[in-house]
file protein_11.cif (mmCIF, C-alpha atoms)
data_query
#
loop_
_atom_site.label_atom_id
_atom_site.label_comp_id
_atom_site.auth_asym_id
_atom_site.auth_seq_id
_atom_site.Cartn_x
_atom_site.Cartn_y
_atom_site.Cartn_z
CA MET A 1272 5.29 -18.77 -13.20
CA LEU A 1273 4.59 -20.15 -9.74
CA TRP A 1274 8.24 -19.70 -8.79
CA PHE A 1275 8.24 -16.11 -9.97
CA VAL A 1276 5.14 -15.39 -7.90
CA LEU A 1277 6.67 -17.05 -4.83
CA LEU A 1278 9.97 -15.21 -5.34
CA PHE A 1279 8.37 -11.79 -5.76
CA GLY A 1280 5.91 -12.41 -2.93
CA LEU A 1281 8.59 -13.48 -0.46
CA MET A 1282 10.83 -10.56 -1.50
CA THR A 1283 7.95 -8.17 -0.95
CA LEU A 1284 7.07 -9.73 2.39
CA VAL A 1285 10.64 -9.57 3.71
CA THR A 1286 11.17 -5.98 2.60
CA GLY A 1287 7.78 -5.02 4.05
CA ILE A 1288 8.73 -6.47 7.42
CA CYS A 1289 12.07 -4.64 7.21
CA ALA A 1290 10.31 -1.39 6.26
CA ILE A 1291 8.26 -1.35 9.44
CA SER A 1292 10.88 -2.73 11.83
CA VAL A 1293 14.15 -0.95 10.98
CA ARG A 1294 15.07 1.83 13.39
CA ASN A 1295 16.53 4.27 10.88
CA ILE A 1296 13.57 5.99 9.23
CA VAL A 1297 15.37 6.71 5.95
CA HIS A 1298 16.07 2.98 5.64
CA CYS A 1299 12.36 2.39 6.30
CA ALA A 1300 11.45 4.58 3.32
CA LEU A 1301 14.00 2.83 1.09
CA PHE A 1302 12.69 -0.60 2.10
CA ALA A 1303 9.21 0.66 1.32
CA VAL A 1304 10.42 1.50 -2.20
CA VAL A 1305 11.49 -2.15 -2.68
CA PHE A 1306 8.12 -3.24 -1.24
CA PHE A 1307 6.24 -1.14 -3.81
CA PHE A 1308 8.46 -2.52 -6.59
CA GLY A 1309 7.70 -6.08 -5.48
CA ILE A 1310 3.98 -5.30 -5.62
CA ALA A 1311 4.49 -4.02 -9.17
CA CYS A 1312 6.25 -7.31 -10.05
CA LEU A 1313 3.25 -9.22 -8.69
CA PHE A 1314 1.00 -7.06 -10.90
CA PHE A 1315 3.15 -8.08 -13.86
CA THR A 1316 2.64 -11.75 -13.03
CA LEU A 1317 -1.11 -11.05 -13.01
CA ARG A 1318 -0.87 -9.70 -16.60
CA ALA A 1319 -1.83 -6.22 -15.47
CA GLU A 1320 1.03 -4.43 -17.21
CA PHE A 1321 -0.57 -1.00 -17.18
CA LEU A 1322 -1.27 -1.17 -13.45
CA ALA A 1323 2.30 -2.34 -12.82
CA ALA A 1324 3.66 0.69 -14.68
CA VAL A 1325 1.25 2.98 -12.84
CA GLN A 1326 2.30 1.40 -9.54
CA ILE A 1327 5.98 2.11 -10.26
CA ILE A 1328 5.34 5.66 -11.46
CA VAL A 1329 2.93 6.67 -8.70
CA TYR A 1330 4.33 4.82 -5.70
CA ILE A 1331 8.08 4.86 -6.36
CA GLY A 1332 8.14 8.04 -8.41
CA ALA A 1333 5.78 10.15 -6.33
CA ILE A 1334 4.78 8.73 -2.95
CA ALA A 1335 8.20 7.39 -1.92
CA ILE A 1336 9.84 10.67 -2.92
CA LEU A 1337 7.17 12.55 -0.98
CA ILE A 1338 7.86 10.39 2.08
CA LEU A 1339 11.60 11.07 1.76
CA PHE A 1340 10.91 14.81 1.52
CA ALA A 1341 8.71 14.63 4.62
CA ILE A 1342 11.49 12.81 6.48
CA MET A 1343 14.01 15.45 5.45
CA LEU A 1344 11.67 18.28 6.45
CA THR A 1345 10.75 16.86 9.84
CA HIS A 1346 13.79 14.97 11.07
CA ASP A 1347 17.43 14.94 11.61
CA VAL A 1348 18.46 12.94 8.58
CA THR A 1349 20.15 10.38 10.82
CA GLY A 1350 16.63 9.57 11.98
CA GLU A 1351 17.47 8.13 15.35
CA ALA A 1352 14.27 9.52 16.90
CA ALA A 1353 12.17 6.85 15.20
CA GLY A 1354 11.48 4.84 18.35
CA GLY A 1355 11.37 1.08 18.66
CA MET A 1356 8.57 -1.47 18.58
CA ILE A 1357 9.01 -3.01 22.00
CA HIS A 1358 6.58 -1.30 24.32
CA VAL A 1359 3.18 -2.26 25.71
CA GLY A 1360 1.17 -0.68 22.92
CA GLY A 1361 3.54 -2.06 20.32
CA ILE A 1362 3.30 -5.65 21.54
CA THR A 1363 -0.50 -5.39 21.72
CA GLY A 1364 -0.56 -3.98 18.19
CA GLY A 1365 1.64 -6.79 16.91
CA VAL A 1366 -0.65 -9.40 18.43
CA VAL A 1367 -3.68 -7.68 16.87
CA ALA A 1368 -1.99 -7.54 13.44
CA VAL A 1369 -1.02 -11.23 13.56
CA ALA A 1370 -4.57 -12.11 14.64
CA VAL A 1371 -6.11 -10.13 11.77
CA ALA A 1372 -3.80 -11.63 9.14
CA GLY A 1373 -4.29 -15.12 10.60
CA SER A 1374 -8.07 -14.83 10.61
CA ILE A 1375 -8.03 -13.70 6.97
CA MET A 1376 -5.84 -16.69 6.07
CA VAL A 1377 -8.14 -19.08 7.96
CA ALA A 1378 -11.18 -17.63 6.20
CA LEU A 1379 -9.47 -18.05 2.84
CA PHE A 1380 -8.13 -21.57 3.14
CA ARG A 1381 -10.52 -23.30 5.58
CA GLU A 1382 -12.84 -24.47 2.83
CA SER A 1383 -10.16 -26.05 0.67
CA LEU A 1384 -8.48 -27.66 3.71
CA ILE A 1385 -11.63 -29.22 5.13
CA ARG A 1386 -13.48 -30.43 2.08
CA ASN A 1387 -10.51 -30.90 -0.22
CA SER A 1388 -12.68 -29.77 -3.10
CA GLN A 1389 -12.24 -27.27 -5.89
CA SER A 1390 -12.88 -24.07 -3.99
CA LEU A 1391 -12.50 -20.49 -5.15
CA VAL A 1392 -8.94 -20.07 -3.94
CA GLU A 1393 -7.70 -22.95 -6.09
CA ARG A 1394 -9.00 -21.45 -9.29
CA THR A 1395 -6.50 -21.18 -12.13
CA ALA A 1396 -8.12 -19.55 -15.14
CA ALA A 1397 -6.80 -18.20 -18.40
CA ALA A 1398 -5.71 -14.60 -18.11
CA PRO A 1399 -8.12 -12.03 -19.48
CA GLN A 1400 -6.72 -10.02 -22.34
CA VAL A 1401 -7.22 -6.37 -21.48
CA SER A 1402 -5.06 -3.89 -23.36
CA VAL A 1403 -4.30 -0.29 -22.46
CA LYS A 1404 -6.66 0.78 -25.24
CA THR A 1405 -9.50 -1.11 -23.56
CA ILE A 1406 -8.70 0.50 -20.23
CA GLY A 1407 -8.68 3.98 -21.78
CA GLU A 1408 -11.99 3.41 -23.53
CA ALA A 1409 -13.53 2.06 -20.33
CA LEU A 1410 -12.28 5.08 -18.39
CA MET A 1411 -13.82 7.45 -20.91
CA THR A 1412 -17.18 5.75 -21.47
CA PRO A 1413 -18.74 3.76 -18.57
CA TYR A 1414 -16.39 4.99 -15.86
CA VAL A 1415 -16.29 8.66 -16.84
CA VAL A 1416 -18.23 9.86 -13.78
CA PRO A 1417 -15.90 8.27 -11.19
CA PHE A 1418 -12.98 9.48 -13.34
CA GLU A 1419 -14.15 13.09 -13.09
CA VAL A 1420 -14.99 12.74 -9.40
CA VAL A 1421 -11.52 11.41 -8.69
CA SER A 1422 -9.99 14.31 -10.61
CA ILE A 1423 -11.93 16.74 -8.42
CA LEU A 1424 -10.73 14.80 -5.37
CA LEU A 1425 -7.12 15.11 -6.54
CA THR A 1426 -7.50 18.86 -7.05
CA ALA A 1427 -9.03 19.23 -3.60
CA ALA A 1428 -6.24 17.15 -2.06
CA LEU A 1429 -3.62 19.29 -3.82
CA VAL A 1430 -5.13 22.54 -2.55
CA GLY A 1431 -5.65 21.06 0.91
CA ALA A 1432 -2.06 19.84 1.12
CA ILE A 1433 -0.76 23.30 0.18
CA VAL A 1434 -3.04 24.99 2.73
CA LEU A 1435 -2.00 22.56 5.48
CA ALA A 1436 1.72 22.72 4.80
CA LEU A 1437 1.88 26.47 4.20
CA GLU A 1438 3.46 28.32 7.06
CA GLN A 1439 1.28 31.08 8.47
CA ARG A 1440 3.09 34.37 8.68
CA PRO A 1441 1.80 35.62 12.09
CA ALA A 1442 2.83 32.36 13.73
CA LYS A 1443 6.26 32.71 12.17
CA LYS A 1444 6.68 36.22 13.58
CA GLU A 1445 5.68 35.06 17.05
CA GLY A 1446 8.09 32.15 16.88
CA SER A 1447 11.10 34.26 15.84
CA MET B 521 11.24 -24.74 -15.00
CA MET B 522 8.71 -24.74 -17.81
CA VAL B 523 7.49 -28.22 -16.88
CA LEU B 524 7.04 -27.18 -13.27
CA ALA B 525 5.20 -24.05 -14.36
CA GLU B 526 2.81 -26.19 -16.37
CA ILE B 527 2.26 -28.58 -13.50
CA ALA B 528 1.50 -25.94 -10.89
CA PRO B 529 0.21 -22.62 -12.15
CA PRO B 530 -0.26 -19.99 -9.45
CA THR B 531 -3.71 -20.08 -7.94
CA LEU B 532 -5.97 -17.33 -6.74
CA GLY B 533 -5.34 -18.40 -3.17
CA LEU B 534 -1.61 -17.71 -3.50
CA TYR B 535 -2.23 -14.06 -4.35
CA LEU B 536 -4.94 -13.71 -1.72
CA GLY B 537 -2.65 -15.22 0.91
CA PHE B 538 0.14 -12.81 -0.01
CA GLY B 539 -2.40 -9.98 0.11
CA ALA B 540 -3.44 -11.01 3.62
CA LEU B 541 0.21 -11.16 4.71
CA PHE B 542 0.99 -7.72 3.26
CA PHE B 543 -2.11 -6.32 4.95
CA GLY B 544 -0.95 -7.81 8.25
CA VAL B 545 2.52 -6.29 7.83
CA GLY B 546 1.03 -2.86 7.10
CA LEU B 547 -1.33 -3.16 10.06
CA ALA B 548 1.59 -4.11 12.31
CA GLY B 549 3.43 -1.02 11.09
CA VAL B 550 0.45 1.18 11.89
CA LEU B 551 -0.12 -0.32 15.34
CA MET B 552 3.41 -0.94 16.55
CA ARG B 553 5.39 2.13 15.56
CA ARG B 554 5.00 5.57 17.10
CA ASN B 555 6.43 7.54 14.19
CA VAL B 556 3.79 9.19 12.01
CA ILE B 557 5.75 8.70 8.77
CA ILE B 558 6.10 4.94 9.35
CA ILE B 559 2.38 4.80 10.15
CA LEU B 560 1.72 6.41 6.75
CA ILE B 561 4.00 3.84 5.07
CA GLY B 562 1.93 1.13 6.78
CA VAL B 563 -1.31 2.61 5.45
CA GLU B 564 0.16 2.64 1.94
CA MET B 565 1.13 -1.03 2.37
CA MET B 566 -2.44 -1.93 3.33
CA MET B 567 -3.76 -0.10 0.26
CA ASN B 568 -1.27 -2.01 -1.89
CA ALA B 569 -2.55 -5.28 -0.45
CA ALA B 570 -6.12 -4.29 -1.31
CA ASN B 571 -5.10 -3.43 -4.87
CA LEU B 572 -3.36 -6.79 -5.16
CA ASN B 573 -6.61 -8.50 -4.15
CA PHE B 574 -8.59 -6.51 -6.72
CA LEU B 575 -6.20 -7.49 -9.49
CA ALA B 576 -6.06 -11.13 -8.38
CA PHE B 577 -9.85 -11.41 -8.51
CA TRP B 578 -9.81 -9.66 -11.90
CA HIS B 579 -7.18 -12.07 -13.24
CA TYR B 580 -9.05 -15.18 -12.17
CA ASN B 581 -12.55 -14.14 -13.18
CA PRO B 582 -14.33 -16.18 -15.85
CA ASN B 583 -15.24 -13.21 -18.04
CA PRO B 584 -12.28 -12.51 -20.38
CA SER B 585 -13.24 -8.94 -21.25
CA ALA B 586 -13.95 -7.57 -17.78
CA VAL B 587 -12.08 -4.43 -16.77
CA MET B 588 -13.75 -3.64 -13.45
CA GLY B 589 -10.93 -5.02 -11.31
CA GLN B 590 -8.41 -2.86 -13.13
CA MET B 591 -10.69 0.18 -12.73
CA PHE B 592 -10.92 -0.43 -8.98
CA ALA B 593 -7.15 -0.70 -8.74
CA ILE B 594 -6.64 2.50 -10.76
CA PHE B 595 -9.00 4.47 -8.53
CA GLY B 596 -7.44 2.89 -5.46
CA ILE B 597 -3.96 4.04 -6.51
CA THR B 598 -5.30 7.53 -7.24
CA ILE B 599 -6.92 7.83 -3.83
CA ALA B 600 -3.77 6.47 -2.18
CA GLY B 601 -1.81 9.25 -3.87
CA ALA B 602 -4.21 11.93 -2.63
CA GLU B 603 -4.14 10.43 0.86
CA ALA B 604 -0.34 10.40 0.93
CA ALA B 605 -0.15 14.05 -0.13
CA VAL B 606 -2.63 15.22 2.51
CA GLY B 607 -1.15 12.93 5.17
CA LEU B 608 2.39 14.18 4.66
CA ALA B 609 1.20 17.81 4.65
CA LEU B 610 -0.48 17.03 8.00
CA VAL B 611 2.79 15.52 9.23
CA ILE B 612 4.64 18.73 8.37
CA ALA B 613 1.97 20.91 10.01
CA VAL B 614 2.00 18.76 13.15
CA TYR B 615 5.79 18.75 13.27
CA ARG B 616 5.79 22.55 13.18
CA HIS B 617 3.50 22.60 16.19
CA PHE B 618 4.90 19.80 18.38
CA ARG B 619 8.52 19.76 17.12
CA GLY B 620 8.28 16.00 16.70
CA VAL B 621 6.52 13.23 14.81
CA ASN B 622 5.89 10.86 17.73
CA VAL B 623 2.18 10.09 18.01
CA ASP B 624 2.40 9.86 21.81
CA GLN B 625 3.14 13.59 21.94
CA MET B 626 0.04 14.48 19.94
CA ASN B 627 -2.58 14.71 22.65
CA VAL B 628 -4.36 18.02 22.04
CA LEU B 629 -6.71 19.01 19.24
CA LYS B 630 -6.43 22.74 19.82
CA GLY B 631 -3.79 24.41 17.70
#
call {"tool": "encode", "arguments": {"input": "protein_11.cif", "output": "structure tokens"}}
result
Amino acid sequence: MLWFVLLFGLMTLVTGICAISVRNIVHCALFAVVFFFGIACLFFTLRAEFLAAVQIIVYIGAIAILILFAIMLTHDVTGEAAGGMIHVGGITGGVVAVAVAGSIMVALFRESLIRNSQSLVERTAAAPQVSVKTIGEALMTPYVVPFEVVSILLTAALVGAIVLALEQRPAKKEGS
Amino acid sequence: MMVLAEIAPPTLGLYLGFGALFFGVGLAGVLMRRNVIIILIGVEMMMNAANLNFLAFWHYNPNPSAVMGQMFAIFGITIAGAEAAVGLALVIAVYRHFRGVNVDQMNVLKG
């Protein structure tokens, strides 16, 4: 199990780094697809099968396709206008990102490194058994209010996305 | 393989460490690139890292019947979907105005 987790984690990490550093923006989106799939594999190793399926359906099936559509609507498909990472702001941003990730890692592992005791991050417990039926019942009974709120949010986001992306006719006449 | 798996099961810290690394990668994508679409991909990566942390804490909690971690991850994925839809609609609207998706060009609020 440990080797599966390490394999999926390293695969996800490498494809994530590729997804943000490759120049061709279509390749970036395709690397992001592999990144999302690696996250779904990690969900499987955590015994969260339903969330892994949802991750594949929502991220690879919807969000990645949406990103590819946005690339095709806004770019030359060759995507050479992506721009590189080596500029003053980019180097500063890279240093900030490494500092943030490093400080999170230090905060996580400092305790177990110093005291060599059984800290939280070394916990290995039996996996909880939560079936899809349990998740559905929980969504419909104690979590029904956030469920409805999130459905309203999705409707609002749908309408808002259409309003934002819709081309206004007077502007089109002026442009042509 | 099975013997090794029994000797060293994956710990909570392994998942949390990977979550921190994925968050750092997404943050680097947001801060280092000037293309709006890659910035959105970076934001999605950070949300994925947060969901991984939720599920890791859910997996390693002592209560065997808890579902709260899964609920948080479900709502997180939903909100990430809504955010991606609105964000990409904004990208298309901005592209129509500036004829480009470079964030350095976007320096006026007035349409």
call {"tool": "closest_residue", "arguments": {"input": "protein_11.cif", "among": "B:Pro530, B:Ala576, B:Ile561, B:Gly539", "to": "Val1304 in chain A", "atoms": "all atoms listed in the file"}}
result
B:Ile561
call {"tool": "interface_residues", "arguments": {"input": "protein_11.cif", "of": "chain B", "to": "chain A", "cutoff": "7 Å", "atoms": "all atoms listed in the file", "output": "VMD selection string"}}
result
chain B and resid 525 528 to 533 537 to 538 540 to 545 547 to 549 551 to 555 558 576 579 to 580 584 to 585 587 601 to 602 604 to 606 608 to 610 612 to 613 615
call {"tool": "write_last_selection", "arguments": {"input": "protein_11.cif", "atoms": "C-alpha atoms", "output": "mmCIF file, keeping the file's coordinate frame"}}
result
data_model
loop_
_atom_site.group_PDB
_atom_site.id
_atom_site.type_symbol
_atom_site.label_atom_id
_atom_site.label_comp_id
_atom_site.auth_asym_id
_atom_site.auth_seq_id
_atom_site.Cartn_x
_atom_site.Cartn_y
_atom_site.Cartn_z
ATOM 1 C CA ALA B 525 5.200 -24.050 -14.360
ATOM 2 C CA ALA B 528 1.500 -25.940 -10.890
ATOM 3 C CA PRO B 529 0.210 -22.620 -12.150
ATOM 4 C CA PRO B 530 -0.260 -19.990 -9.450
ATOM 5 C CA THR B 531 -3.710 -20.080 -7.940
ATOM 6 C CA LEU B 532 -5.970 -17.330 -6.740
ATOM 7 C CA GLY B 533 -5.340 -18.400 -3.170
ATOM 8 C CA GLY B 537 -2.650 -15.220 0.910
ATOM 9 C CA PHE B 538 0.140 -12.810 -0.010
ATOM 10 C CA ALA B 540 -3.440 -11.010 3.620
ATOM 11 C CA LEU B 541 0.210 -11.160 4.710
ATOM 12 C CA PHE B 542 0.990 -7.720 3.260
ATOM 13 C CA PHE B 543 -2.110 -6.320 4.950
ATOM 14 C CA GLY B 544 -0.950 -7.810 8.250
ATOM 15 C CA VAL B 545 2.520 -6.290 7.830
ATOM 16 C CA LEU B 547 -1.330 -3.160 10.060
ATOM 17 C CA ALA B 548 1.590 -4.110 12.310
ATOM 18 C CA GLY B 549 3.430 -1.020 11.090
ATOM 19 C CA LEU B 551 -0.120 -0.320 15.340
ATOM 20 C CA MET B 552 3.410 -0.940 16.550
ATOM 21 C CA ARG B 553 5.390 2.130 15.560
ATOM 22 C CA ARG B 554 5.000 5.570 17.100
ATOM 23 C CA ASN B 555 6.430 7.540 14.190
ATOM 24 C CA ILE B 558 6.100 4.940 9.350
ATOM 25 C CA ALA B 576 -6.060 -11.130 -8.380
ATOM 26 C CA HIS B 579 -7.180 -12.070 -13.240
ATOM 27 C CA TYR B 580 -9.050 -15.180 -12.170
ATOM 28 C CA PRO B 584 -12.280 -12.510 -20.380
ATOM 29 C CA SER B 585 -13.240 -8.940 -21.250
ATOM 30 C CA VAL B 587 -12.080 -4.430 -16.770
ATOM 31 C CA GLY B 601 -1.810 9.250 -3.870
ATOM 32 C CA ALA B 602 -4.210 11.930 -2.630
ATOM 33 C CA ALA B 604 -0.340 10.400 0.930
ATOM 34 C CA ALA B 605 -0.150 14.050 -0.130
ATOM 35 C CA VAL B 606 -2.630 15.220 2.510
ATOM 36 C CA LEU B 608 2.390 14.180 4.660
ATOM 37 C CA ALA B 609 1.200 17.810 4.650
ATOM 38 C CA LEU B 610 -0.480 17.030 8.000
ATOM 39 C CA ILE B 612 4.640 18.730 8.370
ATOM 40 C CA ALA B 613 1.970 20.910 10.010
ATOM 41 C CA TYR B 615 5.790 18.750 13.270
#
call {"tool": "atom_distance", "arguments": {"input": "protein_11.cif", "atom1": "CA of Gly1332 in chain A", "atom2": "CA of Glu1419 in chain A"}}
result
23.3 Å
call {"tool": "closest_residue", "arguments": {"input": "protein_11.cif", "among": "B:Asn568, B:Asn581, B:Asn622, B:Asn573", "to": "Ile597 in chain B", "atoms": "all atoms listed in the file"}}
result
B:Asn568
call {"tool": "atom_distance", "arguments": {"input": "protein_11.cif", "atom1": "CA of Val1293 in chain A", "atom2": "CA of Met567 in chain B"}}
result
20.9 Å
call {"tool": "atom_distance", "arguments": {"input": "protein_11.cif", "atom1": "CA of Cys1312 in chain A", "atom2": "CA of Thr1286 in chain A"}}
result
13.6 Å
